[in-house]
>>> print(open('entry_34.cif').read())   # mmCIF, C-alpha atoms
data_query
#
loop_
_atom_site.group_PDB
_atom_site.id
_atom_site.type_symbol
_atom_site.label_atom_id
_atom_site.label_comp_id
_atom_site.auth_asym_id
_atom_site.auth_seq_id
_atom_site.Cartn_x
_atom_site.Cartn_y
_atom_site.Cartn_z
ATOM 1 C CA ALA Z 13 124.036 118.012 125.897
ATOM 2 C CA GLN Z 14 121.109 117.809 123.496
ATOM 3 C CA TYR Z 15 118.845 119.502 126.064
ATOM 4 C CA LEU Z 16 121.295 122.354 126.627
ATOM 5 C CA LEU Z 17 121.735 122.794 122.871
ATOM 6 C CA SER Z 18 117.969 122.930 122.331
ATOM 7 C CA VAL Z 19 117.503 125.451 125.155
ATOM 8 C CA ALA Z 20 120.289 127.666 123.829
ATOM 9 C CA LEU Z 21 119.015 127.611 120.243
ATOM 10 C CA ASN Z 22 115.385 128.201 121.248
ATOM 11 C CA THR Z 23 116.398 131.102 123.488
ATOM 12 C CA SER Z 24 118.446 132.634 120.694
ATOM 13 C CA ALA Z 25 115.579 132.177 118.224
ATOM 14 C CA MET Z 26 113.045 133.810 120.558
ATOM 15 C CA ARG Z 27 115.327 136.811 121.128
ATOM 16 C CA GLN Z 28 115.884 137.265 117.407
ATOM 17 C CA VAL Z 29 112.158 137.011 116.670
ATOM 18 C CA MET Z 30 111.403 139.566 119.406
ATOM 19 C CA ARG Z 31 113.934 141.923 117.841
ATOM 20 C CA ILE Z 32 112.311 141.423 114.432
ATOM 21 C CA ARG Z 33 108.856 142.166 115.886
ATOM 22 C CA THR Z 34 110.153 145.400 117.393
ATOM 23 C CA GLU Z 35 111.852 146.517 114.183
ATOM 24 C CA PHE Z 36 108.783 145.599 112.136
ATOM 25 C CA LEU Z 37 106.503 147.668 114.359
ATOM 26 C CA LYS Z 38 108.901 150.630 114.173
ATOM 27 C CA ALA Z 39 108.954 150.347 110.377
ATOM 28 C CA ILE Z 40 105.138 150.264 110.195
ATOM 29 C CA LEU Z 41 104.736 153.270 112.478
ATOM 30 C CA HIS Z 42 107.172 155.329 110.400
ATOM 31 C CA GLN Z 43 105.337 154.769 107.104
ATOM 32 C CA ASP Z 44 103.631 157.588 105.236
ATOM 33 C CA ILE Z 45 99.849 157.914 105.137
ATOM 34 C CA ALA Z 46 99.841 156.683 101.532
ATOM 35 C CA PHE Z 47 101.151 153.337 102.737
ATOM 36 C CA TYR Z 48 97.965 152.677 104.705
ATOM 37 C CA ASP Z 49 95.834 153.548 101.688
ATOM 38 C CA THR Z 50 97.388 150.747 99.646
ATOM 39 C CA ASN Z 51 97.919 148.139 102.375
ATOM 40 C CA THR Z 52 95.360 146.440 104.598
ATOM 41 C CA THR Z 53 96.319 146.892 108.226
ATOM 42 C CA SER Z 54 93.839 144.294 109.470
ATOM 43 C CA ASP Z 55 96.046 141.385 108.445
ATOM 44 C CA PHE Z 56 99.273 142.746 109.930
ATOM 45 C CA ALA Z 57 98.917 140.943 113.253
ATOM 46 C CA SER Z 58 98.096 137.522 111.806
ATOM 47 C CA LYS Z 59 100.675 137.819 109.048
ATOM 48 C CA VAL Z 60 103.462 138.880 111.392
ATOM 49 C CA THR Z 61 102.619 136.096 113.835
ATOM 50 C CA GLU Z 62 102.559 133.378 111.165
ATOM 51 C CA ASP Z 63 105.669 134.582 109.365
ATOM 52 C CA LEU Z 64 107.726 134.990 112.518
ATOM 53 C CA ASN Z 65 106.621 131.607 113.826
ATOM 54 C CA LYS Z 66 108.025 130.060 110.659
ATOM 55 C CA ILE Z 67 111.259 132.002 111.025
ATOM 56 C CA GLN Z 68 111.591 130.967 114.665
ATOM 57 C CA ASP Z 69 110.912 127.359 113.708
ATOM 58 C CA GLY Z 70 113.738 127.486 111.173
ATOM 59 C CA ILE Z 71 116.399 129.012 113.431
ATOM 60 C CA GLY Z 72 115.530 127.212 116.680
ATOM 61 C CA GLN Z 73 116.243 123.716 117.943
ATOM 62 C CA LYS Z 74 115.912 122.207 114.476
ATOM 63 C CA VAL Z 75 119.358 123.594 113.692
ATOM 64 C CA GLY Z 76 120.801 121.476 116.501
ATOM 65 C CA MET Z 77 118.799 118.444 115.350
ATOM 66 C CA VAL Z 78 120.216 118.746 111.840
ATOM 67 C CA VAL Z 79 123.759 119.056 113.200
ATOM 68 C CA ARG Z 80 123.224 115.901 115.262
ATOM 69 C CA PHE Z 81 121.793 114.018 112.306
ATOM 70 C CA VAL Z 82 124.631 115.052 110.005
ATOM 71 C CA VAL Z 83 127.340 114.081 112.519
ATOM 72 C CA THR Z 84 125.633 110.727 113.166
ATOM 73 C CA PHE Z 85 125.381 110.183 109.418
ATOM 74 C CA LEU Z 86 129.108 110.778 108.902
ATOM 75 C CA VAL Z 87 130.121 108.435 111.732
ATOM 76 C CA SER Z 88 127.621 105.741 110.698
ATOM 77 C CA PHE Z 89 128.719 106.041 107.091
ATOM 78 C CA ILE Z 90 132.489 106.027 107.545
ATOM 79 C CA TYR Z 91 132.942 103.320 110.196
ATOM 80 C CA PRO Z 92 131.268 100.472 108.219
ATOM 81 C CA PHE Z 93 133.725 101.014 105.355
ATOM 82 C CA THR Z 94 136.567 100.229 107.745
ATOM 83 C CA GLN Z 95 134.898 96.922 108.652
ATOM 84 C CA ASN Z 96 133.520 95.657 105.347
ATOM 85 C CA TRP Z 97 133.927 97.959 102.391
ATOM 86 C CA ILE Z 98 132.260 95.625 99.884
ATOM 87 C CA ILE Z 99 128.924 95.356 101.714
ATOM 88 C CA SER Z 100 129.135 99.026 102.658
ATOM 89 C CA LEU Z 101 129.594 100.012 99.023
ATOM 90 C CA VAL Z 102 126.690 97.836 97.890
ATOM 91 C CA VAL Z 103 124.341 99.150 100.550
ATOM 92 C CA ALA Z 104 125.494 102.759 100.128
ATOM 93 C CA SER Z 105 124.579 102.661 96.433
ATOM 94 C CA VAL Z 106 120.912 102.861 97.429
ATOM 95 C CA ILE Z 107 121.305 105.579 100.061
ATOM 96 C CA PRO Z 108 121.142 108.481 97.530
ATOM 97 C CA LEU Z 109 117.504 107.537 96.988
ATOM 98 C CA LEU Z 110 116.840 108.480 100.608
ATOM 99 C CA ALA Z 111 118.517 111.846 100.131
ATOM 100 C CA ILE Z 112 116.548 112.478 96.931
ATOM 101 C CA CYS Z 113 113.271 111.580 98.632
ATOM 102 C CA GLY Z 114 114.112 113.837 101.576
ATOM 103 C CA GLY Z 115 114.970 116.740 99.274
ATOM 104 C CA LEU Z 116 111.811 116.352 97.193
ATOM 105 C CA LEU Z 117 109.727 116.058 100.344
ATOM 106 C CA GLY Z 118 111.231 119.245 101.759
ATOM 107 C CA THR Z 119 110.681 121.175 98.519
ATOM 108 C CA ILE Z 120 107.063 120.091 98.117
ATOM 109 C CA MET Z 121 106.257 120.637 101.771
ATOM 110 C CA THR Z 122 107.753 124.143 101.666
ATOM 111 C CA LYS Z 123 105.600 125.138 98.709
ATOM 112 C CA VAL Z 124 102.415 123.632 100.141
ATOM 113 C CA SER Z 125 103.090 125.113 103.582
ATOM 114 C CA LYS Z 126 103.557 128.574 102.070
ATOM 115 C CA GLU Z 127 100.271 128.309 100.157
ATOM 116 C CA GLU Z 128 98.468 127.009 103.236
ATOM 117 C CA ASN Z 129 99.722 129.859 105.426
ATOM 118 C CA ASP Z 130 98.769 132.415 102.781
ATOM 119 C CA VAL Z 131 95.223 131.055 102.742
ATOM 120 C CA TYR Z 132 94.991 131.123 106.535
ATOM 121 C CA GLY Z 133 96.309 134.680 106.458
ATOM 122 C CA LYS Z 134 93.538 135.717 104.073
ATOM 123 C CA ALA Z 135 90.921 133.994 106.230
ATOM 124 C CA GLY Z 136 92.281 135.735 109.323
ATOM 125 C CA ALA Z 137 92.192 139.079 107.525
ATOM 126 C CA ILE Z 138 88.514 138.509 106.648
ATOM 127 C CA ALA Z 139 87.658 137.708 110.257
ATOM 128 C CA GLU Z 140 89.574 140.702 111.648
ATOM 129 C CA GLU Z 141 88.024 143.073 109.127
ATOM 130 C CA VAL Z 142 84.495 141.863 109.923
ATOM 131 C CA LEU Z 143 85.016 142.034 113.683
ATOM 132 C CA ALA Z 144 86.484 145.530 113.394
ATOM 133 C CA SER Z 145 83.349 146.769 111.610
ATOM 134 C CA ILE Z 146 80.778 144.366 113.069
ATOM 135 C CA ARG Z 147 78.122 147.070 113.502
ATOM 136 C CA THR Z 148 78.218 147.972 109.829
ATOM 137 C CA VAL Z 149 78.060 144.303 108.799
ATOM 138 C CA VAL Z 150 75.028 143.687 111.012
ATOM 139 C CA ALA Z 151 73.328 146.900 109.909
ATOM 140 C CA PHE Z 152 73.449 145.819 106.265
ATOM 141 C CA GLY Z 153 72.676 142.165 106.997
ATOM 142 C CA GLY Z 154 75.973 140.878 105.687
ATOM 143 C CA GLU Z 155 76.581 138.223 108.327
ATOM 144 C CA GLN Z 156 75.861 135.238 106.128
ATOM 145 C CA LYS Z 157 77.909 136.658 103.269
ATOM 146 C CA GLU Z 158 80.949 137.169 105.486
ATOM 147 C CA VAL Z 159 80.533 133.717 107.017
ATOM 148 C CA LYS Z 160 80.430 132.267 103.505
ATOM 149 C CA ASN Z 161 83.591 134.157 102.506
ATOM 150 C CA TYR Z 162 85.375 132.943 105.624
ATOM 151 C CA ALA Z 163 84.207 129.338 105.094
ATOM 152 C CA THR Z 164 85.371 129.449 101.463
ATOM 153 C CA ALA Z 165 88.840 130.532 102.561
ATOM 154 C CA LEU Z 166 88.978 127.759 105.159
ATOM 155 C CA THR Z 167 87.829 125.189 102.600
ATOM 156 C CA THR Z 168 90.804 126.031 100.417
ATOM 157 C CA ALA Z 169 93.110 125.726 103.434
ATOM 158 C CA THR Z 170 91.559 122.356 104.300
ATOM 159 C CA LYS Z 171 92.257 121.061 100.789
ATOM 160 C CA ASN Z 172 95.860 122.198 101.056
ATOM 161 C CA GLY Z 173 96.166 120.468 104.437
ATOM 162 C CA ILE Z 174 94.801 117.205 103.048
ATOM 163 C CA TYR Z 175 97.169 117.410 100.087
ATOM 164 C CA ARG Z 176 100.085 118.113 102.417
ATOM 165 C CA SER Z 177 99.243 115.159 104.664
ATOM 166 C CA THR Z 178 98.862 112.843 101.673
ATOM 167 C CA ILE Z 179 102.229 113.848 100.245
ATOM 168 C CA THR Z 180 103.866 113.399 103.654
ATOM 169 C CA GLY Z 181 102.382 109.930 104.149
ATOM 170 C CA CYS Z 182 103.376 108.742 100.666
ATOM 171 C CA ALA Z 183 106.896 110.128 101.016
ATOM 172 C CA MET Z 184 107.430 108.531 104.435
ATOM 173 C CA GLY Z 185 106.102 105.220 103.134
ATOM 174 C CA LEU Z 186 108.514 105.414 100.218
ATOM 175 C CA VAL Z 187 111.429 106.220 102.530
ATOM 176 C CA PHE Z 188 110.758 103.276 104.839
ATOM 177 C CA GLY Z 189 110.187 101.022 101.829
ATOM 178 C CA ILE Z 190 113.662 101.951 100.575
ATOM 179 C CA ILE Z 191 115.137 101.322 104.036
ATOM 180 C CA TYR Z 192 113.649 97.820 104.253
ATOM 181 C CA GLY Z 193 114.775 97.165 100.700
ATOM 182 C CA VAL Z 194 118.324 98.143 101.692
ATOM 183 C CA TYR Z 195 118.181 95.704 104.616
ATOM 184 C CA GLY Z 196 117.115 92.928 102.262
ATOM 185 C CA LEU Z 197 119.786 93.808 99.698
ATOM 186 C CA GLY Z 198 122.564 93.863 102.289
ATOM 187 C CA ILE Z 199 121.554 90.574 103.919
ATOM 188 C CA TRP Z 200 121.142 88.831 100.566
ATOM 189 C CA TYR Z 201 124.494 89.998 99.245
ATOM 190 C CA GLY Z 202 126.249 89.239 102.543
ATOM 191 C CA VAL Z 203 124.950 85.655 102.595
ATOM 192 C CA LYS Z 204 125.856 85.260 98.926
ATOM 193 C CA MET Z 205 129.392 86.491 99.573
ATOM 194 C CA ILE Z 206 129.837 84.071 102.509
ATOM 195 C CA GLU Z 207 128.552 81.106 100.504
ATOM 196 C CA GLU Z 208 130.800 81.872 97.546
ATOM 197 C CA GLU Z 209 133.813 82.268 99.830
ATOM 198 C CA GLU Z 210 133.138 78.931 101.542
ATOM 199 C CA GLU Z 211 133.212 77.177 98.154
ATOM 200 C CA THR Z 212 136.763 78.294 97.361
ATOM 201 C CA GLU Z 213 139.713 75.937 97.785
ATOM 202 C CA ASP Z 214 141.636 78.428 99.912
ATOM 203 C CA PHE Z 215 138.826 78.554 102.466
ATOM 204 C CA LYS Z 216 138.480 74.777 102.590
ATOM 205 C CA ASN Z 217 142.227 74.300 103.063
ATOM 206 C CA CYS Z 218 142.341 76.998 105.759
ATOM 207 C CA THR Z 219 139.408 75.413 107.568
ATOM 208 C CA ALA Z 220 141.080 72.021 107.460
ATOM 209 C CA GLU Z 221 144.277 73.455 108.925
ATOM 210 C CA CYS Z 222 142.352 75.115 111.752
ATOM 211 C CA SER Z 223 140.518 71.865 112.507
ATOM 212 C CA GLN Z 224 143.795 69.927 112.650
ATOM 213 C CA GLU Z 225 145.464 72.521 114.837
ATOM 214 C CA PHE Z 226 142.605 72.812 117.321
ATOM 215 C CA ASN Z 227 141.009 69.406 116.970
ATOM 216 C CA GLN Z 228 140.524 69.139 120.727
ATOM 217 C CA ASP Z 229 138.632 72.421 121.095
ATOM 218 C CA PRO Z 230 135.801 73.206 118.611
ATOM 219 C CA ASN Z 231 135.477 76.751 119.893
ATOM 220 C CA LEU Z 232 139.091 77.566 119.116
ATOM 221 C CA ALA Z 233 138.760 75.912 115.722
ATOM 222 C CA TYR Z 234 135.720 78.051 114.949
ATOM 223 C CA GLY Z 235 137.531 81.179 116.126
ATOM 224 C CA CYS Z 236 140.503 80.307 113.949
ATOM 225 C CA THR Z 237 138.214 79.880 110.946
ATOM 226 C CA GLU Z 238 136.469 83.213 111.526
ATOM 227 C CA ASP Z 239 139.657 85.178 112.179
ATOM 228 C CA THR Z 240 142.006 83.540 109.673
ATOM 229 C CA CYS Z 241 140.025 81.989 106.837
ATOM 230 C CA ARG Z 242 137.288 84.505 106.189
ATOM 231 C CA ARG Z 243 138.033 87.686 104.311
ATOM 232 C CA PHE Z 244 135.216 89.444 106.145
ATOM 233 C CA SER Z 245 133.594 88.206 109.323
ATOM 234 C CA ILE Z 246 129.856 87.782 109.743
ATOM 235 C CA GLY Z 247 129.920 90.540 112.342
ATOM 236 C CA SER Z 248 131.478 92.983 109.868
ATOM 237 C CA ILE Z 249 128.618 92.308 107.444
ATOM 238 C CA THR Z 250 126.088 93.110 110.160
ATOM 239 C CA VAL Z 251 127.963 96.271 111.140
ATOM 240 C CA ALA Z 252 128.105 97.411 107.510
ATOM 241 C CA ILE Z 253 124.382 96.871 106.892
ATOM 242 C CA LEU Z 254 123.163 98.438 110.126
ATOM 243 C CA GLY Z 255 125.665 101.303 110.015
ATOM 244 C CA ILE Z 256 124.947 102.373 106.449
ATOM 245 C CA VAL Z 257 121.184 102.067 106.906
ATOM 246 C CA GLN Z 258 121.349 104.028 110.152
ATOM 247 C CA GLY Z 259 123.365 106.721 108.413
ATOM 248 C CA GLY Z 260 120.824 106.836 105.602
ATOM 249 C CA MET Z 261 117.976 107.151 108.089
ATOM 250 C CA GLN Z 262 119.768 110.014 109.823
ATOM 251 C CA ILE Z 263 120.305 111.953 106.614
ATOM 252 C CA GLY Z 264 116.700 111.191 105.677
ATOM 253 C CA GLN Z 265 115.494 112.625 108.983
ATOM 254 C CA ALA Z 266 117.684 115.667 108.433
ATOM 255 C CA GLY Z 267 115.993 116.077 105.058
ATOM 256 C CA THR Z 268 112.611 116.436 106.744
ATOM 257 C CA PHE Z 269 113.848 119.633 108.407
ATOM 258 C CA VAL Z 270 114.649 121.156 105.034
ATOM 259 C CA GLU Z 271 111.041 122.351 104.953
ATOM 260 C CA ALA Z 272 111.566 124.452 108.065
ATOM 261 C CA PHE Z 273 114.818 125.967 106.758
ATOM 262 C CA ASN Z 274 113.453 126.668 103.281
ATOM 263 C CA THR Z 275 110.288 128.201 104.724
ATOM 264 C CA CYS Z 276 112.371 130.323 107.089
ATOM 265 C CA LEU Z 277 114.507 131.599 104.204
ATOM 266 C CA LEU Z 278 111.406 132.165 102.092
ATOM 267 C CA TYR Z 279 109.637 134.267 104.711
ATOM 268 C CA THR Z 280 112.838 136.093 105.549
ATOM 269 C CA SER Z 281 113.362 137.063 101.913
ATOM 270 C CA ASP Z 282 109.713 138.114 101.600
ATOM 271 C CA ALA Z 283 110.018 140.283 104.702
ATOM 272 C CA ALA Z 284 113.205 141.854 103.352
ATOM 273 C CA ASP Z 285 111.498 142.634 100.042
ATOM 274 C CA GLU Z 286 108.562 144.213 101.812
#
>>> encode(input="entry_34.cif", output="structure tokens")
Amino acid sequence: AQYLLSVALNTSAMRQVMRIRTEFLKAILHQDIAFYDTNTTSDFASKVTEDLNKIQDGIGQKVGMVVRFVVTFLVSFIYPFTQNWIISLVVASVIPLLAICGGLLGTIMTKVSKEENDVYGKAGAIAEEVLASIRTVVAFGGEQKEVKNYATALTTATKNGIYRSTITGCAMGLVFGIIYGVYGLGIWYGVKMIEEEEETEDFKNCTAECSQEFNQDPNLAYGCTEDTCRRFSIGSITVAILGIVQGGMQIGQAGTFVEAFNTCLLYTSDAADE
């Protein structure tokens, strides 16, 4: 099912991007001469390719991935509350941190990605302009100057790439740190709840009754204690912890695709303005 969904979304995205390319070319060819006096045509190819790749990335299979993550999040988040609402509530109190981290990561990555693509677009425009008039550049001995201009543009793009990678690594480390912290919180509180329950008089009396009733079979006595005496079973605590954490991880993974959607909307709005 996931494969078919990805194929369908990618096919739809490619067809839409092809239609946009065609309409963009028609719009360029129908411009007045004054348009070419104020706009550099050498960067059209690289700019269109980069912008449309971002749009295709935002309307392709990542849409299906986000739908899957959101559905998994809802199921993983709702079911644990039916098993152990106390542990689920405690663990879920930390989950918003994952959503906040995912949102911040998507926002920062969108901005940095836009700046990085703009720099690469400028570098590509320099290269295309030089190659288009290579005889003139060689005749005036401007090779080293153009190489320096191109290298300067790439240096800026390299810095943006390093910054982007650093932010991504720190954000992912923070996300997994929160996840492991949630595991620890849920296990600690679950053990604490079990220990406090075992110290109550009602639990001790119920355990004694189960032992008297099934004194010949320890397994039945244990089952009676787990089913009758405990408010929440040990299994329900495990289900609550793993379910809520899994749901948080799914919504966190969905947050990483926010960059693609935001970038797609950003480039789409820029194209519409142009």
>>> residues_around(input="entry_34.cif", residues="region 20-32 of chain Z", least_positions_apart="5", cutoff="8 Å", atoms="only C-alpha atoms", output="VMD selection string")
chain Z and resid 64 67 to 68 71 to 73 75 to 76
>>> closest_atom_pairs(input="entry_34.cif", of="region 174-236 of chain Z", to="region 96-109 of chain Z", cutoff="7 Å", atoms="only C-alpha atoms", output="Markdown table")
| residue | atom | partner | partner_atom | distance |
| --- | --- | --- | --- | --- |
| Z:Val194 | CA | Z:Val103 | CA | 6.2 |
| Z:Gly198 | CA | Z:Val103 | CA | 5.8 |
| Z:Gly202 | CA | Z:Ile99 | CA | 6.7 |
>>> closest_atom_pairs(input="entry_34.cif", of="region 159-195 of chain Z", to="region 114-136 of chain Z", cutoff="7 Å", atoms="only C-alpha atoms", output="tab-separated table")
residue	atom	partner	partner_atom	distance
Z:Tyr162	CA	Z:Ala135	CA	5.7
Z:Ala165	CA	Z:Ala135	CA	5.5
Z:Leu166	CA	Z:Ala135	CA	6.6
Z:Ala169	CA	Z:Glu128	CA	5.5
Z:Asn172	CA	Z:Glu128	CA	5.9
Z:Arg176	CA	Z:Val124	CA	6.4
Z:Ala183	CA	Z:Leu117	CA	6.6
>>> closest_residue(input="entry_34.cif", among="Z:Leu17, Z:Thr219, Z:Ala139, Z:Val203", to="Lys160 (chain Z)", atoms="only C-alpha atoms")
Z:Ala139
>>> closest_residue(input="entry_34.cif", among="Z:Thr167, Z:Thr250, Z:Asn227, Z:Thr237", to="Tyr201 (chain Z)", atoms="all atoms listed in the file")
Z:Thr250
>>> resolve_selection(input="entry_34.cif", expression="the PyMOL selection byres ((chain Z and resi 261) around 12)", output="tab-separated table (two decimals) with C-alpha atoms, keeping the file's coordinate frame")
chain	number	residue	atom	x	y	z
Z	81	PHE	CA	121.79	114.02	112.31
Z	82	VAL	CA	124.63	115.05	110.00
Z	84	THR	CA	125.63	110.73	113.17
Z	85	PHE	CA	125.38	110.18	109.42
Z	86	LEU	CA	129.11	110.78	108.90
Z	88	SER	CA	127.62	105.74	110.70
Z	89	PHE	CA	128.72	106.04	107.09
Z	104	ALA	CA	125.49	102.76	100.13
Z	106	VAL	CA	120.91	102.86	97.43
Z	107	ILE	CA	121.30	105.58	100.06
Z	108	PRO	CA	121.14	108.48	97.53
Z	109	LEU	CA	117.50	107.54	96.99
Z	110	LEU	CA	116.84	108.48	100.61
Z	111	ALA	CA	118.52	111.85	100.13
Z	113	CYS	CA	113.27	111.58	98.63
Z	114	GLY	CA	114.11	113.84	101.58
Z	184	MET	CA	107.43	108.53	104.44
Z	187	VAL	CA	111.43	106.22	102.53
Z	188	PHE	CA	110.76	103.28	104.84
Z	189	GLY	CA	110.19	101.02	101.83
Z	190	ILE	CA	113.66	101.95	100.58
Z	191	ILE	CA	115.14	101.32	104.04
Z	192	TYR	CA	113.65	97.82	104.25
Z	194	VAL	CA	118.32	98.14	101.69
Z	195	TYR	CA	118.18	95.70	104.62
Z	254	LEU	CA	123.16	98.44	110.13
Z	255	GLY	CA	125.66	101.30	110.02
Z	256	ILE	CA	124.95	102.37	106.45
Z	257	VAL	CA	121.18	102.07	106.91
Z	258	GLN	CA	121.35	104.03	110.15
Z	259	GLY	CA	123.36	106.72	108.41
Z	260	GLY	CA	120.82	106.84	105.60
Z	262	GLN	CA	119.77	110.01	109.82
Z	263	ILE	CA	120.30	111.95	106.61
Z	264	GLY	CA	116.70	111.19	105.68
Z	265	GLN	CA	115.49	112.62	108.98
Z	266	ALA	CA	117.68	115.67	108.43
Z	267	GLY	CA	115.99	116.08	105.06
Z	268	THR	CA	112.61	116.44	106.74
>>> closest_residue(input="entry_34.cif", among="Z:Ile253, Z:Phe215, Z:Ala163, Z:Phe226", to="Thr240 (chain Z)", atoms="all atoms listed in the file")
Z:Phe215
>>> residues_around(input="entry_34.cif", residues="Gly247 (chain Z)", least_positions_apart="5", cutoff="10 Å", atoms="only C-alpha atoms", output="PyMOL selection string")
chain Z and resi 95-96+238+252
>>> closest_residue(input="entry_34.cif", among="Z:Val60, Z:Leu37, Z:Ile138, Z:Ile174", to="Lys157 (chain Z)", atoms="all atoms listed in the file")
Z:Ile138
>>> atom_distance(input="entry_34.cif", atom1="CA of Thr61 (chain Z)", atom2="CA of Arg80 (chain Z)")
28.9 Å
>>> closest_residue(input="entry_34.cif", among="Z:Phe36, Z:Arg243, Z:Gly181, Z:Leu143", to="Glu208 (chain Z)", atoms="all atoms listed in the file")
Z:Arg243
>>> atom_distance(input="entry_34.cif", atom1="CA of Glu221 (chain Z)", atom2="CA of Cys241 (chain Z)")
9.8 Å
>>> atom_distance(input="entry_34.cif", atom1="CA of Thr34 (chain Z)", atom2="CA of Leu16 (chain Z)")
27.2 Å
>>> build_atoms(input="entry_34.cif", residues="region 60-75 of chain Z", atoms="N, CA and C atoms", output="compact mmCIF listing (two decimals), in the frame of the given file")
# COMPACT_ATOMS: atom_id res chain seq x y z
N VAL Z 60 102.20 138.81 110.65
CA VAL Z 60 103.46 138.88 111.39
C VAL Z 60 103.62 137.65 112.28
N THR Z 61 102.55 137.26 112.95
CA THR Z 61 102.62 136.10 113.84
C THR Z 61 102.97 134.83 113.06
N GLU Z 62 102.31 134.59 111.94
CA GLU Z 62 102.56 133.38 111.16
C GLU Z 62 103.96 133.38 110.56
N ASP Z 63 104.35 134.52 110.00
CA ASP Z 63 105.67 134.58 109.36
C ASP Z 63 106.79 134.41 110.38
N LEU Z 64 106.67 135.08 111.51
CA LEU Z 64 107.73 134.99 112.52
C LEU Z 64 107.76 133.63 113.20
N ASN Z 65 106.62 132.98 113.30
CA ASN Z 65 106.62 131.61 113.83
C ASN Z 65 107.41 130.68 112.90
N LYS Z 66 107.26 130.88 111.61
CA LYS Z 66 108.02 130.06 110.66
C LYS Z 66 109.52 130.36 110.74
N ILE Z 67 109.84 131.64 110.90
CA ILE Z 67 111.26 132.00 111.02
C ILE Z 67 111.85 131.42 112.30
N GLN Z 68 111.11 131.53 113.41
CA GLN Z 68 111.59 130.97 114.66
C GLN Z 68 111.74 129.46 114.59
N ASP Z 69 110.83 128.81 113.87
CA ASP Z 69 110.91 127.36 113.71
C ASP Z 69 112.16 126.96 112.93
N GLY Z 70 112.58 127.82 112.01
CA GLY Z 70 113.74 127.49 111.17
C GLY Z 70 115.08 127.81 111.78
N ILE Z 71 115.11 128.64 112.82
CA ILE Z 71 116.40 129.01 113.43
C ILE Z 71 116.49 128.54 114.87
N GLY Z 72 115.54 127.70 115.31
CA GLY Z 72 115.53 127.21 116.68
C GLY Z 72 116.24 125.88 116.83
N GLN Z 73 115.60 124.98 117.60
CA GLN Z 73 116.24 123.72 117.94
C GLN Z 73 116.44 122.80 116.75
N LYS Z 74 115.73 123.06 115.65
CA LYS Z 74 115.91 122.21 114.48
C LYS Z 74 117.32 122.33 113.89
N VAL Z 75 117.96 123.45 114.13
CA VAL Z 75 119.36 123.59 113.69
C VAL Z 75 120.23 122.57 114.41
